[in-house]
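Below is the file coords-v4.cif, which contains mmCIF, C-alpha atoms.
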data_structure
#
loop_
_atom_site.label_atom_id
_atom_site.label_comp_id
_atom_site.auth_asym_id
_atom_site.auth_seq_id
_atom_site.Cartn_x
_atom_site.Cartn_y
_atom_site.Cartn_z
CA MET U 1 66.45 79.07 77.79
CA PRO U 2 65.95 81.01 81.04
CA VAL U 3 68.45 83.77 81.80
CA GLN U 4 69.19 85.51 85.06
CA ASP U 5 69.89 89.05 83.78
CA GLU U 6 72.38 89.76 86.54
CA VAL U 7 73.08 93.44 87.15
CA ILE U 8 76.69 94.61 87.32
CA PRO U 9 77.97 95.63 90.79
CA SER U 10 76.28 98.82 92.00
CA SER U 11 78.17 102.08 92.33
CA LYS U 12 78.14 104.78 94.97
CA GLY U 13 78.82 107.46 92.36
CA ARG U 14 75.83 109.75 91.97
CA LEU U 15 76.43 110.41 88.29
CA VAL U 16 76.80 106.71 87.59
CA GLN U 17 73.50 106.05 89.32
CA TRP U 18 71.75 109.02 87.72
CA PHE U 19 72.66 107.97 84.18
CA GLY U 20 71.78 104.36 84.97
CA PHE U 21 75.20 102.91 84.19
CA ASP U 22 75.05 100.51 87.14
CA GLN U 23 71.66 99.22 85.98
CA PHE U 24 73.34 97.47 83.06
CA GLN U 25 72.40 93.80 82.71
CA PRO U 26 75.16 92.27 80.54
CA GLU U 27 73.14 89.24 79.51
CA ARG U 28 70.81 91.53 77.58
CA ALA U 29 73.70 92.16 75.20
CA MET U 30 74.53 88.46 74.94
CA THR U 31 71.07 87.01 74.26
CA SER U 32 68.18 87.52 71.88
CA HIS U 33 64.41 87.24 71.98
CA PHE U 34 64.33 85.66 68.56
CA ILE U 35 67.42 83.53 67.89
CA SER U 36 69.74 81.30 69.87
CA VAL U 37 72.98 82.51 71.43
CA ASN U 38 75.00 80.52 68.89
CA ALA U 39 73.07 82.05 65.99
CA LEU U 40 73.61 85.51 67.49
CA LEU U 41 77.32 84.77 67.69
CA ALA U 42 77.36 83.83 64.00
CA VAL U 43 75.59 87.06 63.05
CA ARG U 44 78.08 89.09 65.05
CA VAL U 45 81.03 87.35 63.44
CA VAL U 46 79.71 88.51 60.06
CA LEU U 47 79.17 92.05 61.37
CA VAL U 48 82.71 92.20 62.76
CA LEU U 49 84.24 90.92 59.53
CA TYR U 50 82.31 93.33 57.29
CA SER U 51 82.75 96.38 59.52
CA GLY U 52 86.43 95.52 59.90
CA ALA U 53 86.87 95.29 56.14
CA VAL U 54 85.21 98.68 55.69
CA GLN U 55 87.24 100.18 58.54
CA TRP U 56 90.62 99.21 57.17
CA ALA U 57 89.62 99.91 53.57
CA SER U 58 88.63 103.45 54.53
CA ILE U 59 92.01 103.99 56.19
CA TYR U 60 93.79 102.65 53.11
CA TRP U 61 91.69 104.81 50.80
CA MET U 62 92.36 108.01 52.77
CA ALA U 63 96.07 107.22 53.03
CA THR U 64 96.48 106.56 49.31
CA HIS U 65 94.63 109.79 48.52
CA PHE U 66 96.96 111.78 50.81
CA GLN U 67 94.20 112.72 53.22
CA PHE U 68 94.94 110.50 56.21
CA GLU U 69 95.89 113.48 58.39
CA ARG U 70 92.22 114.48 58.18
CA TYR U 71 90.80 111.00 58.70
CA PHE U 72 89.80 111.62 62.31
CA ALA U 73 88.20 114.95 61.44
CA TYR U 74 85.25 113.29 59.71
CA PHE U 75 82.28 112.51 61.91
CA THR U 76 81.40 109.64 59.58
CA TYR U 77 84.69 107.84 60.17
CA LEU U 78 84.63 108.47 63.92
CA THR U 79 81.11 107.07 64.00
CA PHE U 80 82.16 103.99 62.06
CA ILE U 81 85.16 103.46 64.35
CA GLY U 82 82.71 103.43 67.25
CA LEU U 83 80.48 100.95 65.43
CA HIS U 84 83.33 98.56 64.67
CA ALA U 85 84.66 98.89 68.23
CA TYR U 86 81.22 98.00 69.58
CA PHE U 87 80.96 94.91 67.38
CA VAL U 88 84.47 93.70 68.29
CA THR U 89 83.91 94.26 72.02
CA THR U 90 80.52 92.55 71.96
CA LEU U 91 81.89 89.57 70.03
CA TYR U 92 84.66 89.17 72.62
CA HIS U 93 82.14 89.17 75.48
CA GLN U 94 79.84 86.82 73.52
CA VAL U 95 82.61 84.24 73.20
CA ARG U 96 83.48 84.59 76.89
CA TYR U 97 79.78 84.22 77.73
CA LEU U 98 79.55 80.90 75.89
CA LEU U 99 82.82 79.61 77.34
CA ALA U 100 81.64 80.46 80.86
CA THR U 101 78.54 78.26 80.53
CA ARG U 102 76.37 81.23 79.66
CA ARG U 103 77.23 83.59 82.47
CA PRO U 104 78.56 87.09 81.60
CA VAL U 105 81.67 86.80 83.76
CA SER U 106 83.71 89.05 81.46
CA PHE U 107 81.33 91.92 82.25
CA LEU U 108 80.70 91.10 85.91
CA PHE U 109 84.35 90.88 86.91
CA GLN U 110 85.99 93.55 84.79
CA TRP U 111 86.78 97.15 85.77
CA PRO U 112 83.40 98.93 86.27
CA CYS U 113 84.37 101.87 84.08
CA LEU U 114 84.68 99.51 81.12
CA ASN U 115 81.05 98.51 81.61
CA TYR U 116 80.01 102.15 81.79
CA LEU U 117 81.95 102.91 78.60
CA TYR U 118 80.26 99.97 76.89
CA VAL U 119 76.80 101.33 77.74
CA TYR U 120 77.88 104.82 76.65
CA LEU U 121 79.28 103.47 73.38
CA TYR U 122 76.07 101.57 72.65
CA HIS U 123 73.92 104.69 72.97
CA THR U 124 76.19 106.71 70.68
CA VAL U 125 76.42 103.92 68.10
CA ILE U 126 72.67 103.42 67.74
CA THR U 127 72.11 107.18 67.44
CA PHE U 128 74.97 108.41 65.28
CA ASN U 129 74.74 105.60 62.76
CA MET U 130 71.23 106.77 62.00
CA VAL U 131 72.16 110.46 61.91
CA THR U 132 75.14 110.04 59.60
CA PRO U 133 73.44 108.37 56.60
CA VAL U 134 70.49 110.77 56.64
CA VAL U 135 72.61 113.92 56.95
CA TYR U 136 75.04 112.73 54.29
CA TRP U 137 72.50 111.81 51.62
CA ALA U 138 70.37 114.89 52.38
CA LEU U 139 73.10 117.55 52.59
CA LEU U 140 76.52 116.27 51.55
CA SER U 141 76.16 113.67 48.79
CA TYR U 142 76.05 116.09 45.83
CA ASP U 143 79.78 115.82 45.15
CA PHE U 144 79.73 112.02 45.22
CA ILE U 145 76.66 111.80 42.97
CA SER U 146 77.88 114.46 40.51
CA LYS U 147 81.15 112.56 40.02
CA ALA U 148 79.47 109.19 39.70
CA ALA U 149 81.09 108.50 36.33
CA THR U 150 84.62 109.07 37.64
CA ASN U 151 84.39 107.53 41.09
CA ASP U 152 86.56 104.43 41.46
CA ARG U 153 85.18 101.08 42.60
CA MET U 154 86.46 101.36 46.13
CA GLU U 155 84.75 104.71 46.59
CA TRP U 156 81.53 103.23 45.25
CA TRP U 157 81.79 100.52 47.91
CA LEU U 158 83.05 102.61 50.81
CA THR U 159 80.60 105.51 50.58
CA PRO U 160 77.41 103.42 50.75
CA SER U 161 79.03 101.25 53.43
CA VAL U 162 79.81 104.06 55.88
CA HIS U 163 76.65 106.01 54.94
CA GLY U 164 74.14 103.20 54.62
CA ALA U 165 75.31 99.70 55.47
CA SER U 166 76.27 101.07 58.88
CA LEU U 167 72.61 101.80 59.61
CA ILE U 168 71.56 98.35 58.38
CA MET U 169 74.09 96.70 60.69
CA VAL U 170 72.91 98.77 63.64
CA MET U 171 69.28 97.84 63.01
CA ILE U 172 70.22 94.15 62.83
CA GLU U 173 72.02 94.47 66.15
CA ILE U 174 69.14 96.33 67.82
CA THR U 175 66.61 93.78 66.58
CA LEU U 176 68.57 90.80 67.84
CA ASN U 177 69.84 91.97 71.22
CA ARG U 178 67.82 92.78 74.35
CA MET U 179 69.54 96.02 75.37
CA ILE U 180 67.66 98.85 77.08
CA VAL U 181 67.97 102.53 76.13
CA HIS U 182 68.19 104.94 79.07
CA THR U 183 66.65 108.34 78.33
CA ARG U 184 69.18 110.28 80.41
CA MET U 185 71.98 108.98 78.20
CA LEU U 186 70.77 111.47 75.60
CA LEU U 187 72.73 114.15 77.49
CA LEU U 188 75.97 112.24 76.97
CA VAL U 189 75.12 111.67 73.31
CA LEU U 190 74.68 115.41 72.82
CA PHE U 191 77.84 116.09 74.84
CA THR U 192 79.71 113.83 72.41
CA VAL U 193 78.46 115.95 69.51
CA ILE U 194 79.71 119.11 71.26
CA LEU U 195 83.13 117.50 71.69
CA TYR U 196 83.18 116.77 67.97
CA LEU U 197 82.33 120.38 67.17
CA VAL U 198 85.31 121.44 69.29
CA LEU U 199 87.50 119.05 67.29
CA ALA U 200 86.17 120.47 64.01
CA LEU U 201 86.89 123.99 65.27
CA ILE U 202 90.47 123.01 66.07
CA TYR U 203 90.92 121.76 62.51
CA TYR U 204 89.48 125.01 61.18
CA GLU U 205 91.70 127.19 63.34
CA THR U 206 94.87 125.25 62.56
CA GLU U 207 94.34 124.44 58.89
CA GLY U 208 91.66 126.91 57.76
CA TRP U 209 89.62 123.93 56.59
CA LEU U 210 85.98 123.12 57.31
CA VAL U 211 85.13 119.45 57.59
CA TYR U 212 81.56 120.03 56.35
CA SER U 213 80.29 123.00 54.39
CA PHE U 214 77.23 123.56 56.57
CA MET U 215 79.53 124.23 59.56
CA ASP U 216 80.57 127.61 58.12
CA LEU U 217 80.03 130.28 60.78
CA SER U 218 80.56 133.21 58.41
CA GLN U 219 76.79 133.24 57.87
CA PRO U 220 75.41 133.06 61.42
CA ALA U 221 71.76 132.71 60.42
CA HIS U 222 72.36 129.74 58.15
CA ALA U 223 74.78 128.19 60.65
CA ALA U 224 72.27 128.51 63.48
CA MET U 225 69.61 126.87 61.32
CA TYR U 226 71.84 123.94 60.38
CA TYR U 227 73.29 123.43 63.85
CA GLY U 228 69.89 123.69 65.52
CA GLY U 229 68.25 121.42 62.98
CA ILE U 230 70.92 118.74 63.32
CA PHE U 231 70.76 118.81 67.12
CA ILE U 232 66.98 118.38 66.95
CA PHE U 233 67.41 115.55 64.47
CA ILE U 234 69.91 113.82 66.78
CA VAL U 235 67.36 113.97 69.60
CA ALA U 236 64.70 112.58 67.25
CA CYS U 237 66.99 109.71 66.20
CA PHE U 238 67.72 108.87 69.83
CA PHE U 239 64.05 108.60 70.72
CA PHE U 240 63.30 106.74 67.49
CA GLN U 241 65.83 104.10 68.48
CA LYS U 242 64.40 103.98 71.98
CA ALA U 243 60.97 103.35 70.41
CA ILE U 244 62.44 100.55 68.26
CA HIS U 245 63.80 98.87 71.39
CA SER U 246 60.39 99.13 73.06
CA LEU U 247 58.64 97.79 69.94
CA ARG U 248 61.04 94.84 69.77
CA ASP U 249 60.32 93.90 73.40
CA PHE U 250 56.58 94.43 72.92
CA LEU U 251 56.49 92.10 69.92
CA PHE U 252 58.34 89.44 71.87
CA GLN U 253 55.97 89.77 74.83
CA LEU U 254 53.02 89.56 72.44
CA ARG U 255 54.37 86.44 70.78
CA ALA U 256 55.18 84.88 74.15
CA SER U 257 51.71 85.68 75.45
CA ARG U 258 50.03 84.13 72.42
CA GLY U 259 52.20 81.05 72.71
CA LYS U 260 51.35 80.69 76.37
CA ASN U 261 47.62 81.07 75.70
CA LYS U 262 47.81 78.46 72.93
CA VAL U 263 49.50 75.99 75.25
CA MET U 264 46.88 76.64 77.94
CA ASP U 265 44.06 76.08 75.40
CA GLU U 266 45.58 72.79 74.27
CA SER U 267 46.06 71.69 77.85
CA THR U 268 42.41 72.47 78.63
CA LEU U 269 41.27 70.59 75.54
CA TYR U 270 43.23 67.47 76.45
CA GLY U 271 41.98 67.70 80.01
CA GLN U 272 38.35 67.81 78.91
CA ASP U 273 38.84 64.86 76.57
CA SER U 274 40.50 62.80 79.30
CA GLN U 275 37.45 63.29 81.50
CA LYS U 276 35.35 61.77 78.70
CA GLY U 277 37.69 58.83 78.43
CA LEU U 278 38.95 59.84 74.97
CA VAL U 279 42.62 60.29 75.84
CA THR U 280 45.04 57.43 76.32
CA PRO U 281 47.81 57.58 78.94
CA MET U 282 50.33 58.40 76.19
CA ASP U 283 48.15 61.29 74.97
CA SER U 284 47.97 62.63 78.51
CA SER U 285 51.75 62.50 78.75
CA ILE U 286 52.07 64.48 75.52
CA ALA U 287 49.68 67.11 76.79
CA SER U 288 51.78 67.44 79.95
CA GLN U 289 54.91 67.96 77.89
CA ILE U 290 53.22 70.66 75.83
CA THR U 291 52.07 72.47 78.96
CA PHE U 292 55.52 72.54 80.51
CA GLY U 293 57.21 73.35 77.19
CA GLY U 294 55.45 76.71 76.90
CA VAL U 295 56.87 80.12 77.67
CA SER U 296 56.62 80.53 81.40
CA SER U 297 58.63 83.68 81.77
CA THR U 298 59.71 86.71 79.81
CA HIS U 299 63.26 85.40 80.34
CA GLN U 300 62.57 82.17 78.42
CA LEU U 301 64.80 82.62 75.39
CA PRO U 302 65.97 80.53 72.43
CA VAL U 303 68.67 78.03 73.37
#
How does this structure look as structure tokens?
Amino acid sequence: MPVQDEVIPSSKGRLVQWFGFDQFQPERAMTSHFISVNALLAVRVVLVLYSGAVQWASIYWMATHFQFERYFAYFTYLTFIGLHAYFVTTLYHQVRYLLATRRPVSFLFQWPCLNYLYVYLYHTVITFNMVTPVVYWALLSYDFISKAATNDRMEWWLTPSVHGASLIMVMIEITLNRMIVHTRMLLLVLFTVILYLVLALIYYETEGWLVYSFMDLSQPAHAAMYYGGIFIFIVACFFFQKAIHSLRDFLFQLRASRGKNKVMDESTLYGQDSQKGLVTPMDSSIASQITFGGVSSTHQLPV
């Protein structure tokens, strides 16, 4: 089905323009290259339900283990909150999109800052939910693995969910939507990490407690190595996700191009046969339907 890819109202703010916030095309979040809008809605319902279950289970688990006051100190949980918030927000707009006869009115007519925050959230979600699983299993999972025999069932479910299933859900979302990654948004992603480090420092100064062992500044050389390495890895994850978006669009264009060429070949074949008197009027009508049923635009998407 053809889509218009309307752009949200432009802004006069230089920073908004520089980061590309006002280049956001909401319909890219609502539609897919590969499945219909209704199928995408069904997938997102599942993602919201599962991420919501994990979200509230993690709060319950921390509260029952008398650690809820430190819940918001963990980068993992903050990252998962962002992921769940993205899924819930996108599902809301998806429903509004379908109710409004497939026009993203909920994006186009809401407060512009909410659109900018949505774009910002998307870039952090796709980056951090790749960083978190890798860093956890590479540097922080020893305690969980060493206590495997004594871990309760909920911990066995929660830990892989927030350090693994989160990445799977993000990759499903990236594959199915048509969103664009803006390179300059990397600066805001890194700024978000700096804000988190400030939060972790506040916890350390007030409680004398380090969220993660590798954040210890008592050994400056090791700290510099870890901090520098993680920042580089965050940059690498950002550009990896940008490459995945480009690959997704390239594969769709390739498939669309092949489909168009196939339709053109069939049309030519039927045309040649009709000149030889081998095609009946009904056959000619079928050939015409095939020609016009092909992909005529990159915006021709599943219904």
Evaluate the PyMOL selection byres ((chain U and resi 190-196) around 9) here and jot the selected residues down as a CSV table (one decimal) with C-alpha atoms, in the coordinates of the input.
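Once written, expr_1.csv looks like this:
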chain,number,residue,atom,x,y,z
U,73,ALA,CA,88.2,115.0,61.4
U,75,PHE,CA,82.3,112.5,61.9
U,124,THR,CA,76.2,106.7,70.7
U,185,MET,CA,72.0,109.0,78.2
U,186,LEU,CA,70.8,111.5,75.6
U,187,LEU,CA,72.7,114.2,77.5
U,188,LEU,CA,76.0,112.2,77.0
U,189,VAL,CA,75.1,111.7,73.3
U,197,LEU,CA,82.3,120.4,67.2
U,198,VAL,CA,85.3,121.4,69.3
U,199,LEU,CA,87.5,119.0,67.3
U,200,ALA,CA,86.2,120.5,64.0
U,201,LEU,CA,86.9,124.0,65.3
U,231,PHE,CA,70.8,118.8,67.1
U,234,ILE,CA,69.9,113.8,66.8
U,235,VAL,CA,67.4,114.0,69.6
Check which residues satisfy the PyMOL selection byres ((chain U and resi 53) around 12) in the file shown, then give them as an MDAnalysis selection string.
chainID U and resid 46:52 54:61 80:81 84 154 157:158 161:162
Neighbouring residues of Met62 of chain U were defined as those with any atom within 8 Å, considering all atoms listed in the file; residues of the same chain fewer than 5 positions away were excluded. Please report them as a PyMOL selection string.
chain U and resi 67-68+71
Distance in Å - atom CA of Gln23 of chain U versus atom CA of Ser36 of chain U:
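Here the two named atoms are 24.2 Å from each other.
Pairwise distance (atom CA of Ala256 of chain U, atom CA of Val43 of chain U) equals 23.3 Å.
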Selection in question (the file shown): the PyMOL selection byres ((chain U and resi 32) around 9). Which residues does it include, as a list in words?
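When the PyMOL selection byres ((chain U and resi 32) around 9) is applied, the selected residues are Arg28, Ala29, Met30, Thr31, His33, Phe34, Ile35, Ser36, Val37, Leu40, Thr175, Leu176, Asn177, Arg178, Leu301 and Pro302 of chain U.
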Got time to write the residues from that selection, C-alpha atoms, as a compact mmCIF listing (two decimals), in the coordinates of the input?
# COMPACT_ATOMS: atom_id res chain seq x y z
CA ARG U 28 70.81 91.53 77.58
CA ALA U 29 73.70 92.16 75.20
CA MET U 30 74.53 88.46 74.94
CA THR U 31 71.07 87.01 74.26
CA HIS U 33 64.41 87.24 71.98
CA PHE U 34 64.33 85.66 68.56
CA ILE U 35 67.42 83.53 67.89
CA SER U 36 69.74 81.30 69.87
CA VAL U 37 72.98 82.51 71.43
CA LEU U 40 73.61 85.51 67.49
CA THR U 175 66.61 93.78 66.58
CA LEU U 176 68.57 90.80 67.84
CA ASN U 177 69.84 91.97 71.22
CA ARG U 178 67.82 92.78 74.35
CA LEU U 301 64.80 82.62 75.39
CA PRO U 302 65.97 80.53 72.43
What is the atom CA of Ala223 of chain U to atom CA of Leu140 of chain U distance in Å?
15.1 Å
Which of these, U:Arg255, U:Leu117, U:Phe21, U:His65, has the shortest distance to Asp152 of chain U once you count all atoms listed in the file?
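Using all atoms listed in the file, the shortest distance to Asp152 of chain U belongs to U:His65.
Considering the residues U:His163, U:Arg153, U:Arg103, U:Arg184 and counting all atoms listed in the file, Gly20 of chain U has its shortest atom-to-atom contact with U:Arg184.
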